[in-house]
Every structure is written in C-alpha cells, then in structure tokens.
Amino acid sequence: MCMNRSIEIVKESLQATTVYKQGLVKMKEADWAIFESKLNQWGFENPNQLCHAIVAGQFPKQQRSEQVEKLLDRIRDKGIKDPMSGEVSPTFYKSADIEDFKSYLYNRYKIERSALTILNYYRRYTDIFFTSPIMLKDRTGHVRSYICDAMRRFGEWYDQRYGDPEVRLLIDEIVKRYELNKRLRIHDRLWIGDSEDLRERIKTVLSVKSDEFDILLKFALFSGLRGTEIEYCHQMPLCKNLTNCVCTNLHVKDKKNGFSVIVVNRRFGQKYCYFTIVPTKIWQQCRELNTVGYDRRKACHTLLAALTDKQVAFMDLRKYHYNVNYRSPMKEQGAEILAGRARSTSARHYLLNMIDEMIDHYRHGWEAYGVDFKSV
C-alpha cells in the first residue's frame with residue numbers, strides 16, 4: 001500500500017507541475033485542405049497527433065534506401081568514421097571542414113575561378129554522389145567530368161586533413177562501379193566526315209585578308225589552341241633556358257624547317273595544354289599583335305560566320321586542327337597530344353624523343369589539305 005501511495009503522490013506531483021502551451025496556426029482555406037490531405041497521407045487524424053509524434057521522435061520515419069545501405073556496408077568495411085562523432089555514418093562527409101577544403105582548393109589551383117568551380121560542383125552533387133550515384137549517369141559528360149574531379153579532390157583533401165586514405169578508395173570505387181568517368185568526351189570521333197568539306201573550310205579561313213584578323217585566325221587554326229590558351233601564349237614572357245627548365249614562362253624552340261614548338265604546360269580546370277606546333281612566321285606575327293583578347297576573338301567569330309553563312313565558328317578551328325592531325329601520319333595519338341587530351345608522360349616522350357618526326361607528320365598533314373606553308 002505504501003508503494004502504491006508513493007506512486008500516486010509522484011503522479012500527482014508531476015501533474016501539478018506540468019505546464020501546457022497552446023498555439024494557433026492561421027492559413028488559407030485552400031492550404032488547410034492540402035494540410036488535411038497530408039495528415040491523412042501520414043496516418044494522423046488531427047494536427048495534435050502529428051505534434052505528439054514529432055515530439056516523440058516517431059515522425060518523420062527515417063528509411064534508408066538500398067543505395068544508402070550499400071554505402072554504409074562499404075564504409076563499415078573500409079573503417080571510415082565521421083570526423084566529428086567518430087562513428088560509422090553514411091553522411092560522414094557532412095561533418096568535414098568545408099572551409100579548410102576550400103583553402104586546399106585555392107592553394108592547389110593557381111586560378112581562383114578553377115578552385116571555385118570545383119567547390120561548387122562538390123557542394124551541389126556530393127549528396128547525390130555518395131547516396132544515389134546512379135542518378136548522375138544521366139548528366140552530360142562535361143558535368144560528370146567536373147563531378148568526378150570535385151570528388152577526387154575531396155578525397156585527396158580528406159586523406160591529407162584526417163589521415164584517412166580509404167575515402168579516396170571509396171570515391172574511386174563509386175566512380176568506376178557506376179561508370180561516371182565513361183564517355184565524357186567525343187573528341188575521338190571525327191567531327192567532319194567529308195575530307196573535301198574540311199579542305200574547303202580550311203581554304204575559307206585562309207582566304208581572309210585583313211591585317212586585324214587573318215593572323216589571329218591562322219594562329220588559331222594551325223595551333224589548335226583554345227581561346228584562353230591563345231591569349232595565354234600571347235601574354236606570357238618567353239624563357240631562353242630550353243634545357244630542363246621548370247619555370248612557368250613559355251619555352252619556344254624555333255626549328256630550321258620553319259616551324260616552332262611552343263611548350264605551354266598550362267592547366268585550367270579540366271583543360272590541359274602541353275605543347276603545340278605552328279609555323280614560325282605565324283607565331284612571330286601573333287606575338288606582335290596588340291591584343292588577342294575575347295573581344296578580338298569574338299570579332300573573328302562574327303567575320304567567319306558572315307563569310308560562311310554561320311557554317312564556321314572561331315571555336316571550330318580547333319576541331320579542324322584535330323581532324324587534320326588525326327588523318328596525318330601522326331594518327332590519333334599525336335592528335336590527342338597536341339589537343340591536350342593525352343597523358344603528360346606521352347606528351348613528354350614525344351617532346352623529347354619524336355618532335356622532329358612529329359613536325360614532319362604535322363607538315364604533311366596540312367599539305368594534304370592544300371596548305372602551302374611558304375605562302376601562308
């Protein structure tokens with residue numbers, strides 16, 4: 001009896017000290033109808049039941065998807081833990097120090113915009129990448145290449161920051177398993193199917209006679225450089241040390257056969273440029289131009305569009321360059337190197353051991369399309 005009495009006293013005490021609060025919600029009649037339908041969908045008869053379920057932690061019910069469960073299994077196998085709680089969690093990346101990751105990117109990339117691009121792709125796609133990576137397969141190759149780059153940079157930073165290399169392995173596993181790094185580019189396909197059409201378009205570009213534009217057009221055509229790379233080569237100072245120099249300036253070797261090898265070694269985001277080959281005369285004339293900036297390139301684009309009824313654009317010159325080299329004796333491997341899409345080891349091998357042969361292939365390739373370098 002004493003125990004029962006004690007329990008009753010405790011209950012009475014709790015009831016006496018419990019303070020209740022009541023709140024009102026005001027909404028439009030149409031919105032209230034939507035709210036009531038949601039209540040029925042969730043299994044509640046009135047808003048009061050919903051509030052009690054939220055307080056008791058019974059709503060919303062957390063259901064992990066099959067993909068999240070698979071991710072958890074891989075995380076457990078690799079021993080990856082949340083850097084804050086030290087527990088195994090599928091959202092371990094959310095506790096990472098993003099500001100420190102941002103600083104890492106800014107130190108890694110010399111150009112601020114490149115670092116910011118990688119950071120934005122990480123912020124936007126990181127949840128999807130770790131929980132539902134199969135959804136990323138529908139993205140374009142361009143977007144997926146940036147996503148893969150952003151996640152790999154995150155893995156490198158995570159290893160450096162928290163001393164956990166398993167995250168890098170997990171990222172590589174996701175990328176390979178869902179083939180996120182497949183079919184990123186279509187540059188290995190021939191952009192133009194008709195050789196005669198390519199010949200006519202090259203002829204059109206070389207027929208432009210203008211002190212303001214023809215030199216820039218010829219340099220863009222024969223170098224195959226992107227617009228920003230052309231501007232980079234025009235502005236960067238030249239280094240006279242051509243033997244084992246690792247400075248950031250341009251290194252140019254003028255050959256006796258009338259061609260120059262321009263060693264660029266530039267990386268911008270996902271874009272690479274190792275070196276290119278151009279007629280020495282065109283290279284020297286390009287360096288003497290006052291500007292090759294965006295406005296000048298846009299003017300060249302407008303001129304080409306007017307001459308060809310919008311069939312040729314300034315950016316197409318890089319594609320023509322690739323197609324000519326692809327069909328030359330240097331074949332696909334040499335064309336890929338000049339386009340900046342090969343491994344740096346392959347580019348270094350060609351530059352050190354096969355550059356004279358590559359120049360001969362380059363010359364034969366252009367001459368096959370009616371280009372006379374003596375009159376260019």
# chains A, B, ... in the order shown; residues from 1 in each chain; ligands from 1

$ residues_around --residues "A:Arg199" --least-positions-apart "6" --cutoff "12 Å" --atoms "only C-alpha atoms" --output "ChimeraX atom specification"
/A:192-193,205-206,320-321,323-324,365-371

$ write_last_selection --atoms "N, CA, C and O atoms" --output "PDB file, in the first residue's frame"
ATOM      1  N   ILE A 192      34.209  15.918 -88.669  1.00  0.00           N
ATOM      2  CA  ILE A 192      33.784  16.128 -90.047  1.00  0.00           C
ATOM      3  C   ILE A 192      33.991  14.824 -90.797  1.00  0.00           C
ATOM      4  O   ILE A 192      35.045  14.209 -90.727  1.00  0.00           O
ATOM      5  N   GLY A 193      32.983  14.384 -91.530  1.00  0.00           N
ATOM      6  CA  GLY A 193      33.086  13.112 -92.212  1.00  0.00           C
ATOM      7  C   GLY A 193      33.615  13.225 -93.631  1.00  0.00           C
ATOM      8  O   GLY A 193      34.070  12.245 -94.197  1.00  0.00           O
ATOM      9  N   VAL A 205      39.019  29.830 -94.378  1.00  0.00           N
ATOM     10  CA  VAL A 205      39.683  30.520 -93.258  1.00  0.00           C
ATOM     11  C   VAL A 205      40.951  31.217 -93.734  1.00  0.00           C
ATOM     12  O   VAL A 205      41.220  32.372 -93.385  1.00  0.00           O
ATOM     13  N   LEU A 206      41.732  30.527 -94.564  1.00  0.00           N
ATOM     14  CA  LEU A 206      42.999  31.094 -95.026  1.00  0.00           C
ATOM     15  C   LEU A 206      42.801  32.188 -96.075  1.00  0.00           C
ATOM     16  O   LEU A 206      43.736  32.946 -96.367  1.00  0.00           O
ATOM     17  N   TYR A 320      39.056  21.604 -86.671  1.00  0.00           N
ATOM     18  CA  TYR A 320      39.731  21.377 -87.944  1.00  0.00           C
ATOM     19  C   TYR A 320      41.175  20.929 -87.708  1.00  0.00           C
ATOM     20  O   TYR A 320      41.686  20.035 -88.377  1.00  0.00           O
ATOM     21  N   HIS A 321      41.824  21.597 -86.767  1.00  0.00           N
ATOM     22  CA  HIS A 321      43.210  21.258 -86.422  1.00  0.00           C
ATOM     23  C   HIS A 321      43.301  19.793 -85.984  1.00  0.00           C
ATOM     24  O   HIS A 321      44.208  19.051 -86.412  1.00  0.00           O
ATOM     25  N   ASN A 323      41.216  17.297 -86.686  1.00  0.00           N
ATOM     26  CA  ASN A 323      40.907  16.387 -87.789  1.00  0.00           C
ATOM     27  C   ASN A 323      42.062  16.251 -88.770  1.00  0.00           C
ATOM     28  O   ASN A 323      42.343  15.159 -89.263  1.00  0.00           O
ATOM     29  N   VAL A 324      42.751  17.358 -89.059  1.00  0.00           N
ATOM     30  CA  VAL A 324      43.906  17.301 -89.957  1.00  0.00           C
ATOM     31  C   VAL A 324      45.001  16.430 -89.348  1.00  0.00           C
ATOM     32  O   VAL A 324      45.577  15.563 -90.016  1.00  0.00           O
ATOM     33  N   GLY A 365      50.457  16.517 -93.008  1.00  0.00           N
ATOM     34  CA  GLY A 365      49.018  16.513 -92.789  1.00  0.00           C
ATOM     35  C   GLY A 365      48.343  17.745 -93.356  1.00  0.00           C
ATOM     36  O   GLY A 365      47.322  17.652 -94.053  1.00  0.00           O
ATOM     37  N   TRP A 366      48.918  18.916 -93.108  1.00  0.00           N
ATOM     38  CA  TRP A 366      48.325  20.157 -93.604  1.00  0.00           C
ATOM     39  C   TRP A 366      48.499  20.297 -95.116  1.00  0.00           C
ATOM     40  O   TRP A 366      47.610  20.808 -95.799  1.00  0.00           O
ATOM     41  N   GLU A 367      49.642  19.867 -95.605  1.00  0.00           N
ATOM     42  CA  GLU A 367      49.862  19.955 -97.055  1.00  0.00           C
ATOM     43  C   GLU A 367      48.884  19.067 -97.822  1.00  0.00           C
ATOM     44  O   GLU A 367      48.514  19.365 -98.959  1.00  0.00           O
ATOM     45  N   ALA A 368      48.444  17.988 -97.191  1.00  0.00           N
ATOM     46  CA  ALA A 368      47.467  17.106 -97.831  1.00  0.00           C
ATOM     47  C   ALA A 368      46.127  17.812 -98.028  1.00  0.00           C
ATOM     48  O   ALA A 368      45.320  17.377 -98.863  1.00  0.00           O
ATOM     49  N   TYR A 369      45.900  18.878 -97.304  1.00  0.00           N
ATOM     50  CA  TYR A 369      44.662  19.653 -97.439  1.00  0.00           C
ATOM     51  C   TYR A 369      44.896  20.977 -98.165  1.00  0.00           C
ATOM     52  O   TYR A 369      44.147  21.930 -97.996  1.00  0.00           O
ATOM     53  N   GLY A 370      45.958  20.992 -98.948  1.00  0.00           N
ATOM     54  CA  GLY A 370      46.187  22.126 -99.828  1.00  0.00           C
ATOM     55  C   GLY A 370      46.860  23.327 -99.197  1.00  0.00           C
ATOM     56  O   GLY A 370      46.867  24.421 -99.792  1.00  0.00           O
ATOM     57  N   VAL A 371      47.453  23.202 -98.035  1.00  0.00           N
ATOM     58  CA  VAL A 371      48.117  24.309 -97.363  1.00  0.00           C
ATOM     59  C   VAL A 371      49.562  24.413 -97.839  1.00  0.00           C
ATOM     60  O   VAL A 371      50.318  23.439 -97.773  1.00  0.00           O
TER      61      VAL A 371
END

$ closest_residue --among "A:Phe44, A:Phe92, A:Tyr104, A:Val376" --to "A:Asp127" --atoms "only C-alpha atoms"
A:Phe92

$ atom_distance --atom1 "atom CA of A:Lys255" --atom2 "atom CA of A:Phe268"
28.2 Å

$ closest_residue --among "A:Val312, A:Val55, A:Leu303, A:Leu116" --to "A:Ser210" --atoms "only C-alpha atoms"
A:Leu303

$ closest_residue --among "A:Met358, A:Ala306, A:Ile202, A:Cys273" --to "A:Thr228" --atoms "only C-alpha atoms"
A:Cys273

$ select_by_dssp --residues "stretch 107-181 of chain A" --states "helix (DSSP H, G or I)" --output "PyMOL selection string"
chain A and resi 107-108+112-131+133-138+141-162+166-177

$ atom_distance --atom1 "atom CA of A:Tyr350" --atom2 "atom CA of A:Cys239"
20.8 Å

$ closest_residue --among "A:Leu216, A:Leu250, A:Met236, A:Ile355" --to "A:Lys298" --atoms "only C-alpha atoms"
A:Leu216

$ residues_around --residues "A:Ala342" --least-positions-apart "6" --cutoff "12 Å" --atoms "only C-alpha atoms" --output "ChimeraX atom specification"
/A:187-188,271-275,332-336,348-350

$ atom_distance --atom1 "atom CA of A:Phe219" --atom2 "atom CA of A:Asp254"
15.6 Å

$ closest_residue --among "A:Asn257, A:Ser223, A:Asn241, A:Asn249" --to "A:Cys286" --atoms "only C-alpha atoms"
A:Ser223

$ closest_residue --among "A:Lys240, A:His361, A:Lys182, A:Lys38" --to "A:Lys137" --atoms "only C-alpha atoms"
A:Lys182

$ select_by_dssp --residues "stretch 135-366 of chain A" --states "strand (DSSP E or B)" --output "list of chain:residue names"
A:Leu238, A:Leu250, A:His251, A:Val252, A:Lys253, A:Asp254, A:Phe259, A:Ser260, A:Val261, A:Ile262, A:Val263, A:Val264, A:Asn265, A:Arg266, A:Arg267, A:Phe268, A:Lys271, A:Tyr272, A:Cys273, A:Tyr274, A:Phe275, A:Thr276, A:Ile277, A:Val278, A:Pro279
